[in-house]
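upload_7.txt (compact mmCIF, C-alpha atoms and all ligand atoms)
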```txt
# COMPACT_ATOMS: atom_id res chain seq x y z
CA MET G 88 -32.34 -6.41 10.16
CA ASP G 89 -35.08 -3.87 9.25
CA THR G 90 -34.87 -2.31 5.80
CA TYR G 91 -35.82 1.25 4.94
CA SER G 92 -39.33 2.23 3.89
CA GLU G 93 -40.99 5.63 4.12
CA THR G 94 -43.45 4.36 6.67
CA ALA G 95 -41.00 2.38 8.82
CA GLU G 96 -40.79 3.55 12.42
CA LEU G 97 -37.46 5.04 13.44
CA ASP G 98 -35.74 3.84 16.58
CA PRO G 99 -34.16 7.07 17.93
CA ARG G 100 -31.59 5.06 19.93
CA LYS G 101 -30.37 3.30 16.79
CA VAL G 102 -30.25 6.60 14.87
CA GLU G 103 -28.11 8.06 17.61
CA GLN G 104 -25.85 5.02 17.68
CA PHE G 105 -25.31 5.05 13.93
CA ALA G 106 -24.79 8.83 13.79
CA GLY G 107 -22.23 8.34 16.58
CA LYS G 108 -20.31 5.90 14.41
CA ILE G 109 -20.26 8.38 11.53
CA MET G 110 -19.11 11.12 13.92
CA GLN G 111 -16.19 8.86 14.93
CA ASP G 112 -15.28 8.50 11.25
CA ILE G 113 -15.57 12.25 10.70
CA GLY G 114 -13.25 12.82 13.67
CA GLY G 115 -10.86 10.24 12.20
CA SER G 116 -10.84 11.85 8.78
CA MET G 117 -9.99 15.25 10.31
CA ALA G 118 -7.32 13.67 12.54
CA LEU G 119 -5.68 12.08 9.47
CA LEU G 120 -5.38 15.35 7.57
CA LEU G 121 -3.90 17.03 10.63
CA SER G 122 -1.62 14.03 11.09
CA TYR G 123 -0.35 14.48 7.54
CA MET G 124 0.40 18.14 8.38
CA GLY G 125 2.33 16.98 11.44
CA ASP G 126 4.27 14.49 9.33
CA GLN G 127 5.13 16.93 6.55
CA THR G 128 6.15 19.78 8.87
CA GLY G 129 8.14 17.53 11.19
CA VAL G 130 6.06 18.39 14.28
CA TYR G 131 5.76 14.77 15.41
CA ARG G 132 9.47 14.19 15.02
CA ALA G 133 10.21 17.41 16.91
CA LEU G 134 7.87 16.40 19.76
CA ARG G 135 9.36 12.92 19.89
CA ASP G 136 12.92 14.25 19.98
CA THR G 137 12.33 17.27 22.26
CA GLY G 138 10.24 15.26 24.72
CA ARG G 139 7.56 16.74 26.95
CA CYS G 140 7.31 20.46 26.19
CA ASP G 141 4.88 23.34 25.77
CA ALA G 142 3.46 24.60 22.48
CA GLY G 143 5.93 27.50 22.24
CA THR G 144 8.99 25.26 22.63
CA LEU G 145 7.57 22.80 20.10
CA ALA G 146 6.73 25.57 17.61
CA GLU G 147 10.33 26.71 17.77
CA ALA G 148 11.74 23.20 17.48
CA ALA G 149 9.56 22.36 14.45
CA GLY G 150 9.67 25.80 12.83
CA VAL G 151 5.89 26.21 12.61
CA ASP G 152 3.47 28.94 13.67
CA ARG G 153 2.83 28.81 17.42
CA ARG G 154 -0.86 29.81 17.33
CA TYR G 155 -1.81 27.25 14.69
CA LEU G 156 0.23 24.63 16.49
CA ALA G 157 -1.75 25.26 19.69
CA GLU G 158 -5.01 24.45 17.83
CA TRP G 159 -3.37 21.44 16.15
CA LEU G 160 -2.19 20.12 19.51
CA GLY G 161 -5.72 20.53 20.92
CA ALA G 162 -7.15 18.47 18.05
CA GLN G 163 -4.43 15.84 18.25
CA ALA G 164 -4.68 15.49 22.04
CA ALA G 165 -8.47 15.12 21.74
CA ALA G 166 -7.93 12.42 19.10
CA GLY G 167 -5.45 10.58 21.37
CA TYR G 168 -2.58 11.06 18.90
CA VAL G 169 -0.49 13.02 21.45
CA CYS G 170 -0.71 13.40 25.25
CA HIS G 171 -1.69 16.61 27.08
CA HIS G 172 -0.45 17.30 30.63
CA GLU G 173 -2.85 19.73 32.25
CA GLU G 174 -0.68 20.53 35.28
CA ASP G 175 1.90 22.46 33.24
CA GLU G 176 0.18 22.72 29.82
CA THR G 177 2.75 20.55 28.10
CA PHE G 178 2.50 17.83 25.46
CA SER G 179 4.34 14.57 24.79
CA MET G 180 4.14 11.32 22.84
CA THR G 181 4.11 7.79 24.23
CA PRO G 182 6.61 5.38 22.62
CA GLU G 183 3.69 3.78 20.77
CA GLN G 184 2.40 7.12 19.40
CA ALA G 185 5.95 8.00 18.32
CA ILE G 186 6.42 4.71 16.44
CA VAL G 187 3.09 4.74 14.63
CA LEU G 188 3.16 8.45 13.74
CA ALA G 189 6.83 9.37 13.46
CA GLN G 190 9.15 6.38 13.08
CA GLU G 191 9.75 6.25 9.32
CA GLY G 192 10.49 2.71 8.16
CA HIS G 193 9.12 0.99 11.27
CA PRO G 194 6.60 -1.69 10.24
CA ALA G 195 4.01 -0.13 12.58
CA CYS G 196 4.43 3.40 11.15
CA LEU G 197 1.23 4.37 9.32
CA GLN G 198 2.18 7.75 7.86
CA GLY G 199 2.51 6.28 4.35
CA PHE G 200 -1.06 5.11 4.52
CA VAL G 201 -2.16 8.53 5.78
CA GLN G 202 -0.37 10.10 2.82
CA MET G 203 -2.15 7.77 0.36
CA ILE G 204 -5.54 8.76 1.77
CA VAL G 205 -4.80 12.48 1.73
CA ALA G 206 -3.77 12.07 -1.94
CA GLN G 207 -7.24 10.68 -2.68
CA TYR G 208 -9.01 13.59 -0.98
CA ALA G 209 -6.81 16.00 -2.96
CA THR G 210 -8.34 14.81 -6.23
CA TYR G 211 -11.88 13.98 -5.05
CA GLU G 212 -13.52 15.64 -8.08
CA LYS G 213 -11.86 13.17 -10.43
CA ALA G 214 -12.92 10.29 -8.18
CA VAL G 215 -16.57 11.37 -8.34
CA GLU G 216 -16.42 11.86 -12.12
CA VAL G 217 -14.93 8.39 -12.74
CA PHE G 218 -17.33 6.74 -10.29
CA ARG G 219 -20.28 8.22 -12.16
CA SER G 220 -19.09 7.54 -15.73
CA GLY G 221 -17.34 4.19 -15.26
CA ALA G 222 -14.31 5.52 -17.13
CA GLY G 223 -10.84 4.26 -16.28
CA ARG G 224 -8.34 6.34 -14.34
CA ALA G 225 -4.71 5.65 -15.10
CA TRP G 226 -2.34 4.92 -12.20
CA GLY G 227 -0.22 7.89 -13.31
CA ASP G 228 -3.26 10.19 -13.15
CA HIS G 229 -3.22 10.27 -9.34
CA HIS G 230 -1.78 12.95 -7.10
CA ALA G 231 2.02 12.52 -6.70
CA CYS G 232 1.51 11.67 -2.99
CA CYS G 233 -0.28 8.49 -4.08
CA PHE G 234 2.99 7.00 -5.41
CA CYS G 235 5.28 7.84 -2.49
CA GLY G 236 2.43 7.14 -0.02
CA THR G 237 1.95 3.67 -1.56
CA ASP G 238 5.67 3.02 -1.34
CA ARG G 239 5.91 4.31 2.24
CA PHE G 240 2.95 2.15 3.19
CA PHE G 241 4.10 -1.12 1.61
CA ARG G 242 7.87 -0.86 2.19
CA PRO G 243 7.93 -1.60 5.97
CA GLY G 244 5.91 -4.80 5.40
CA TYR G 245 8.34 -5.88 2.68
CA MET G 246 11.28 -5.06 4.96
CA VAL G 247 9.94 -7.36 7.65
CA ASN G 248 8.58 -10.21 5.51
CA LEU G 249 10.11 -10.40 2.06
CA VAL G 250 13.63 -11.71 2.69
CA ASP G 251 13.00 -13.43 6.02
CA SER G 252 9.61 -15.10 5.40
CA TRP G 253 8.17 -14.86 1.91
CA LEU G 254 11.18 -15.93 -0.19
CA PRO G 255 12.05 -18.82 2.17
CA ALA G 256 8.43 -20.00 1.86
CA LEU G 257 8.97 -20.61 -1.88
CA ASP G 258 10.25 -23.99 -2.96
CA GLY G 259 14.02 -23.71 -3.59
CA ALA G 260 14.05 -19.96 -4.31
CA VAL G 261 16.57 -18.87 -1.66
CA ALA G 262 19.19 -21.41 -2.74
CA LYS G 263 18.96 -20.10 -6.33
CA LEU G 264 19.11 -16.47 -5.16
CA GLU G 265 22.20 -17.13 -3.08
CA LYS G 266 23.95 -18.84 -5.96
CA GLY G 267 22.98 -16.24 -8.56
CA ALA G 268 19.55 -15.94 -10.13
CA LYS G 269 17.80 -13.68 -12.62
CA VAL G 270 14.76 -12.05 -11.05
CA ALA G 271 11.92 -9.90 -12.40
CA ASP G 272 9.89 -7.53 -10.18
CA ILE G 273 6.93 -6.54 -12.33
CA GLY G 274 4.86 -3.48 -11.39
CA CYS G 275 7.73 -2.57 -9.04
CA GLY G 276 6.64 1.04 -8.47
CA LEU G 277 9.43 2.93 -6.70
CA GLY G 278 11.41 -0.30 -6.49
CA SER G 279 11.55 -0.89 -2.74
CA SER G 280 10.93 -4.63 -3.09
CA THR G 281 13.51 -4.90 -5.89
CA LEU G 282 16.17 -3.09 -3.87
CA LEU G 283 15.51 -5.09 -0.70
CA MET G 284 16.08 -8.32 -2.62
CA ALA G 285 19.10 -6.89 -4.46
CA LYS G 286 20.73 -5.96 -1.15
CA ALA G 287 20.06 -9.39 0.39
CA PHE G 288 21.27 -11.39 -2.65
CA PRO G 289 24.28 -9.67 -4.25
CA ASN G 290 24.98 -12.65 -6.57
CA SER G 291 21.60 -12.27 -8.29
CA VAL G 292 20.42 -9.68 -10.81
CA PHE G 293 17.08 -7.92 -10.32
CA HIS G 294 15.03 -6.37 -13.13
CA GLY G 295 12.45 -3.90 -11.80
CA MET G 296 9.77 -3.06 -14.36
CA ASP G 297 6.79 -0.73 -14.24
CA PHE G 298 4.88 1.19 -16.88
CA HIS G 299 4.86 4.36 -14.74
CA ALA G 300 7.99 6.19 -15.96
CA ALA G 301 8.14 8.58 -12.98
CA SER G 302 8.21 5.64 -10.55
CA ILE G 303 11.00 3.96 -12.52
CA GLU G 304 13.04 7.20 -12.40
CA GLY G 305 12.49 7.25 -8.63
CA ALA G 306 13.60 3.60 -8.37
CA ARG G 307 16.80 4.37 -10.33
CA ARG G 308 17.54 7.33 -8.04
CA GLU G 309 17.04 5.16 -4.96
CA ALA G 310 19.33 2.46 -6.43
CA GLU G 311 22.05 5.08 -6.92
CA GLU G 312 21.59 6.57 -3.46
CA THR G 313 21.71 3.16 -1.77
CA GLY G 314 24.66 1.89 -3.85
CA LEU G 315 22.66 -0.92 -5.45
CA THR G 316 23.16 -0.21 -9.14
CA ALA G 317 25.49 -3.17 -9.76
CA ASN G 318 22.80 -5.84 -9.62
CA THR G 319 19.64 -3.88 -10.45
CA ARG G 320 18.13 -2.71 -13.75
CA PHE G 321 15.00 -0.57 -13.88
CA THR G 322 12.93 -0.30 -17.06
CA ALA G 323 9.73 1.58 -17.88
CA VAL G 324 7.71 -1.08 -19.66
CA THR G 325 4.32 -2.79 -19.38
CA ALA G 326 3.90 -6.20 -17.77
CA LYS G 327 3.12 -7.67 -21.20
CA GLY G 328 5.75 -5.69 -23.10
CA TYR G 329 9.17 -6.61 -21.72
CA ASP G 330 11.64 -8.64 -23.80
CA GLU G 331 13.90 -10.18 -21.13
CA THR G 332 13.52 -13.94 -20.64
CA GLY G 333 15.19 -16.71 -18.63
CA PHE G 334 14.01 -15.57 -15.21
CA ASP G 335 14.41 -17.93 -12.26
CA LEU G 336 11.97 -15.92 -10.22
CA ALA G 337 9.31 -13.35 -11.11
CA CYS G 338 7.57 -11.30 -8.42
CA VAL G 339 4.49 -9.12 -8.56
CA PHE G 340 3.89 -7.09 -5.40
CA ASP G 341 0.42 -5.67 -4.92
CA ALA G 342 0.13 -4.89 -8.62
CA LEU G 343 -1.51 -7.74 -10.59
CA HIS G 344 -5.03 -6.64 -9.67
CA ASP G 345 -4.18 -3.10 -10.88
CA MET G 346 -3.43 -4.41 -14.36
CA GLY G 347 -5.97 -4.28 -17.17
CA ASP G 348 -5.14 -7.75 -18.41
CA PRO G 349 -3.85 -9.78 -15.46
CA VAL G 350 -4.28 -13.04 -17.40
CA GLY G 351 -2.24 -11.70 -20.33
CA ALA G 352 0.38 -10.28 -17.94
CA ALA G 353 0.66 -13.57 -16.02
CA ARG G 354 0.94 -15.46 -19.33
CA HIS G 355 3.76 -13.16 -20.46
CA ILE G 356 5.47 -13.65 -17.11
CA ARG G 357 5.15 -17.45 -17.41
CA GLU G 358 6.68 -17.34 -20.89
CA SER G 359 9.60 -15.26 -19.56
CA LEU G 360 10.40 -17.80 -16.79
CA LYS G 361 12.79 -20.71 -17.07
CA PRO G 362 10.90 -24.05 -17.16
CA ASP G 363 11.66 -24.55 -13.44
CA GLY G 364 11.06 -20.90 -12.56
CA THR G 365 8.67 -19.52 -9.95
CA LEU G 366 6.15 -16.69 -9.83
CA MET G 367 5.66 -15.11 -6.42
CA LEU G 368 2.38 -13.22 -6.41
CA VAL G 369 1.79 -10.92 -3.45
CA GLU G 370 -1.77 -9.62 -3.21
CA PRO G 371 -3.92 -8.03 -0.52
CA ILE G 372 -5.29 -10.60 1.91
CA ALA G 373 -8.95 -11.45 1.22
CA GLY G 374 -11.44 -14.24 1.52
CA ASP G 375 -13.19 -15.55 -1.58
CA ARG G 376 -16.63 -14.12 -0.78
CA LEU G 377 -17.72 -10.54 -0.09
CA ALA G 378 -19.17 -11.75 3.21
CA ASP G 379 -15.67 -12.95 4.26
CA ASN G 380 -14.24 -9.46 3.77
CA LEU G 381 -16.69 -7.33 5.73
CA ASN G 382 -14.09 -6.34 8.30
CA LEU G 383 -11.67 -3.42 8.76
CA ILE G 384 -9.03 -4.76 6.33
CA GLY G 385 -11.75 -5.47 3.75
CA GLN G 386 -13.21 -1.99 4.22
CA ILE G 387 -9.81 -0.39 3.65
CA PHE G 388 -8.93 -2.49 0.59
CA TYR G 389 -12.37 -2.19 -1.04
CA SER G 390 -12.06 1.60 -0.56
CA ALA G 391 -8.60 1.74 -2.15
CA SER G 392 -9.90 -0.53 -4.87
CA THR G 393 -12.86 1.77 -5.63
CA LEU G 394 -10.61 4.82 -5.82
CA VAL G 395 -7.39 3.47 -7.37
CA CYS G 396 -7.08 -0.21 -8.30
CA THR G 397 -10.29 -0.86 -10.23
CA PRO G 398 -10.13 2.41 -12.24
CA ALA G 399 -6.41 1.71 -12.92
CA SER G 400 -7.34 -1.63 -14.45
CA ARG G 401 -10.23 -0.11 -16.41
CA ALA G 402 -7.83 2.43 -17.93
CA GLN G 403 -5.88 -0.40 -19.64
CA GLU G 404 -6.68 -2.86 -22.39
CA VAL G 405 -9.10 -5.64 -21.42
CA GLY G 406 -9.95 -3.77 -18.20
CA LEU G 407 -10.69 -6.94 -16.23
CA ALA G 408 -11.04 -4.96 -12.98
CA LEU G 409 -10.15 -7.78 -10.60
CA GLY G 410 -10.29 -5.48 -7.59
CA ALA G 411 -8.07 -5.51 -4.52
CA GLN G 412 -10.17 -8.15 -2.72
CA ALA G 413 -10.22 -10.78 -5.47
CA GLY G 414 -9.39 -13.64 -3.07
CA GLU G 415 -7.19 -16.69 -3.56
CA LYS G 416 -9.68 -18.71 -5.61
CA ARG G 417 -10.12 -15.98 -8.25
CA LEU G 418 -6.39 -15.21 -8.35
CA ALA G 419 -5.53 -18.90 -8.79
CA GLU G 420 -8.06 -19.03 -11.65
CA VAL G 421 -6.28 -16.10 -13.35
CA LEU G 422 -2.93 -17.86 -12.93
CA ARG G 423 -4.26 -21.16 -14.32
CA GLN G 424 -5.79 -19.35 -17.32
CA ALA G 425 -2.30 -17.94 -17.89
CA GLY G 426 -0.88 -21.46 -18.03
CA PHE G 427 0.48 -21.94 -14.51
CA THR G 428 -0.25 -25.47 -13.33
CA ARG G 429 0.69 -25.48 -9.65
CA VAL G 430 -0.61 -22.66 -7.46
CA ARG G 431 -0.50 -22.64 -3.67
CA ARG G 432 -0.62 -20.15 -0.82
CA ALA G 433 2.95 -20.01 0.46
CA ALA G 434 2.60 -17.38 3.19
CA GLU G 435 0.35 -14.66 4.55
CA THR G 436 0.37 -11.67 6.90
CA ALA G 437 -2.46 -9.59 8.32
CA THR G 438 -2.57 -7.60 5.08
CA ASN G 439 -1.07 -9.76 2.32
CA MET G 440 -1.22 -13.26 0.89
CA VAL G 441 1.66 -14.78 -1.04
CA LEU G 442 0.88 -17.25 -3.80
CA GLU G 443 3.53 -19.44 -5.39
CA ALA G 444 2.83 -20.40 -9.01
CA ARG G 445 4.92 -22.81 -11.13
CA PRO G 446 4.71 -23.26 -14.92
C1 LIG X 501 -0.17 -0.52 -5.91
S1 LIG X 501 1.21 -0.18 -6.88
C2 LIG X 501 2.41 -1.28 -6.20
C3 LIG X 501 3.80 -0.86 -6.51
C4 LIG X 501 4.91 -1.74 -5.90
N1 LIG X 501 4.88 -3.09 -6.42
C5 LIG X 501 4.80 -1.76 -4.38
O1 LIG X 501 4.43 -2.81 -3.85
O2 LIG X 501 5.07 -0.72 -3.75
C6 LIG X 501 0.82 -0.92 -8.45
C7 LIG X 501 1.89 -0.73 -9.50
O3 LIG X 501 1.53 -1.47 -10.67
C8 LIG X 501 1.94 -0.73 -11.79
N2 LIG X 501 1.18 -1.24 -12.96
C9 LIG X 501 -0.16 -1.28 -13.12
N3 LIG X 501 -0.48 -1.81 -14.31
C10 LIG X 501 0.70 -2.13 -14.94
C11 LIG X 501 1.02 -2.73 -16.19
N4 LIG X 501 0.08 -3.12 -17.04
N5 LIG X 501 2.33 -2.91 -16.48
C12 LIG X 501 3.30 -2.52 -15.61
N6 LIG X 501 3.05 -1.94 -14.42
C13 LIG X 501 1.75 -1.76 -14.06
C14 LIG X 501 1.64 0.70 -11.42
O4 LIG X 501 2.34 1.63 -12.21
C15 LIG X 501 2.05 0.72 -9.95
O5 LIG X 501 3.39 1.11 -9.79
```
Translate the structure described by the file into structure tokens.
Ligand SMILES: C[S@@+](CC[C@H](N)C(=O)[O-])C[C@H]1O[C@@H](n2cnc3c(N)ncnc32)[C@H](O)[C@@H]1O
Amino acid sequence: MDTYSETAELDPRKVEQFAGKIMQDIGGSMALLLSYMGDQTGVYRALRDTGRCDAGTLAEAAGVDRRYLAEWLGAQAAAGYVCHHEEDETFSMTPEQAIVLAQEGHPACLQGFVQMIVAQYATYEKAVEVFRSGAGRAWGDHHACCFCGTDRFFRPGYMVNLVDSWLPALDGAVAKLEKGAKVADIGCGLGSSTLLMAKAFPNSVFHGMDFHAASIEGARREAEETGLTANTRFTAVTAKGYDETGFDLACVFDALHDMGDPVGAARHIRESLKPDGTLMLVEPIAGDRLADNLNLIGQIFYSASTLVCTPASRAQEVGLALGAQAGEKRLAEVLRQAGFTRVRRAAETATNMVLEARP
């Protein structure tokens, strides 16, 4: 591959090709912001439920301005997010468009991810400042949409995998959970993973812990609304600061790499487990080398890691800054430094890997 120099000859075809790629990304970034507007105003849901209709009917159904909606529909039809029918100037959604853009809770619905990205654009000045200075940026310092967007993004994957695949992949965990186990969910955020497990295993008690007080309040509210207060406890506390011990199972979902001191946190978790306890560590899927991760999933996770995960770690003591693409080898090293002796990959999906660690 040629590298840049002032005297290097430009290949106009390659310039055009590369500019074309960037134009695609620019189109995508505009489509996402408009998609967020469609999500928040209920336009997608109205189009899905009303069925094929014109802009005026849809404006009425969704309660939005008709003129703006006409421009929005033009942009969305051009992006392939909705369908345009020229013969009668109507619009509709295919079942696939409806699921990905409007079916809250469906594993293929991507609106949570869209919301997370919009939250990053909303505070771009802070992102530039931190990137330049190298300062940390606390998890709680992000736009509020970052927290619910993260939860909306991760929850469908947990709904599909956690109870049916990930827990059964751990040695003996389900039998303990059915009988009655004590479980910690550390860095639980809004508590979706905690509540899913609590619903599936009513004989067990689940302690959701996170140092972000607003998320813990949200988790408590959700527990009340879903009638799951009997076997859940939510506490605002750091991963190294909780006092409870005697856990049969500890889980960390997409949070260890966000911590400043993942070794210290994993050590504290190990000390809080029973001698035959298990740590289930769920982390973004990644290969061990940068070259392994130069694909779409790697691009997305390295981006989130630049904006959120690495600065979140830097904002805490130690500030190890593992990053969201640490890979199994590096994560296993962290766990061994923390005193875990047996570490293995128990399961994986397109976006996550699940490591089982035993004291
Ligand atoms: C990417 S979010 C994941 C949240 C949740 N586990 C989920 O999967 O939706 C990372 C979470 O880790 C929490 N966190 C980061 N560092 C922490 C620490 N040192 N102690 C406790 N929680 C921490 C953050 O507050 C945040 O809720």
Checklist entry - Given a cut-off of 8 Å, what residues near ligand LIG 501 (chain X) show up using only C-alpha atoms and all ligand atoms, put as a ChimeraX atom specification? => result /G:226-227,234,237-242,272-280,296-299,302,323-328,339-343,345-349,352,396,399-400,403
Excluding Thr181 (chain G) and residues on its chain fewer than 6 positions from it, collect all residues at most 12 Å away from it, counting all atoms listed in the file, and give them as an mmCIF file with C-alpha atoms, in the frame of the given file.
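File produced: selection_37.cif:
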```cif
data_model
loop_
_atom_site.group_PDB
_atom_site.id
_atom_site.type_symbol
_atom_site.label_atom_id
_atom_site.label_comp_id
_atom_site.auth_asym_id
_atom_site.auth_seq_id
_atom_site.Cartn_x
_atom_site.Cartn_y
_atom_site.Cartn_z
ATOM 1 C CA TYR G 131 5.760 14.770 15.410
ATOM 2 C CA LEU G 134 7.870 16.400 19.760
ATOM 3 C CA ARG G 135 9.360 12.920 19.890
ATOM 4 C CA ASP G 136 12.920 14.250 19.980
ATOM 5 C CA GLY G 138 10.240 15.260 24.720
ATOM 6 C CA ARG G 139 7.560 16.740 26.950
ATOM 7 C CA ALA G 164 -4.680 15.490 22.040
ATOM 8 C CA GLY G 167 -5.450 10.580 21.370
ATOM 9 C CA TYR G 168 -2.580 11.060 18.900
ATOM 10 C CA VAL G 169 -0.490 13.020 21.450
ATOM 11 C CA CYS G 170 -0.710 13.400 25.250
ATOM 12 C CA HIS G 171 -1.690 16.610 27.080
ATOM 13 C CA VAL G 187 3.090 4.740 14.630
ATOM 14 C CA LEU G 188 3.160 8.450 13.740
ATOM 15 C CA ALA G 189 6.830 9.370 13.460
#
```
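CA of His193 (chain G) sits 23.2 Å away from CA of Arg307 (chain G).
Across the model, the gap from CA of Val369 (chain G) to CA of Ala437 (chain G) is 12.6 Å.
Counting all atoms listed in the file, Leu418 (chain G) has the following residues at most 10 Å away, ignoring those fewer than 5 positions along the same chain: Leu343, His344, Pro349, Val350, Leu368, Glu370, Asp375, Leu409, Gln412, Ala413, Arg423, Gln424, Val430 and Leu442 of chain G.
Among the candidate residues G:Trp159, G:Val247, G:Met180, G:Leu120, the one lying nearest to Cys140 (chain G) is G:Met180, with distances computed using all atoms listed in the file.
If you look at CA of Ala268 (chain G) and CA of Arg354 (chain G), they are 20.8 Å away from each other.
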Next on the checklist: Which residues are near Ser359 (chain G)? Cut-off 10 Å, all atoms listed in the file, ignore same chain within fewer than 2 positions. Put them as a PyMOL selection string.
Outcome noted: chain G and resi 271+329-337+353-357+361-362+364
Next on the checklist: Using only C-alpha atoms, can you tell me which of G:Pro243, G:Pro446, G:Gly223, G:Gly259 comes closest to Val405 (chain G)?
Outcome noted: G:Gly223
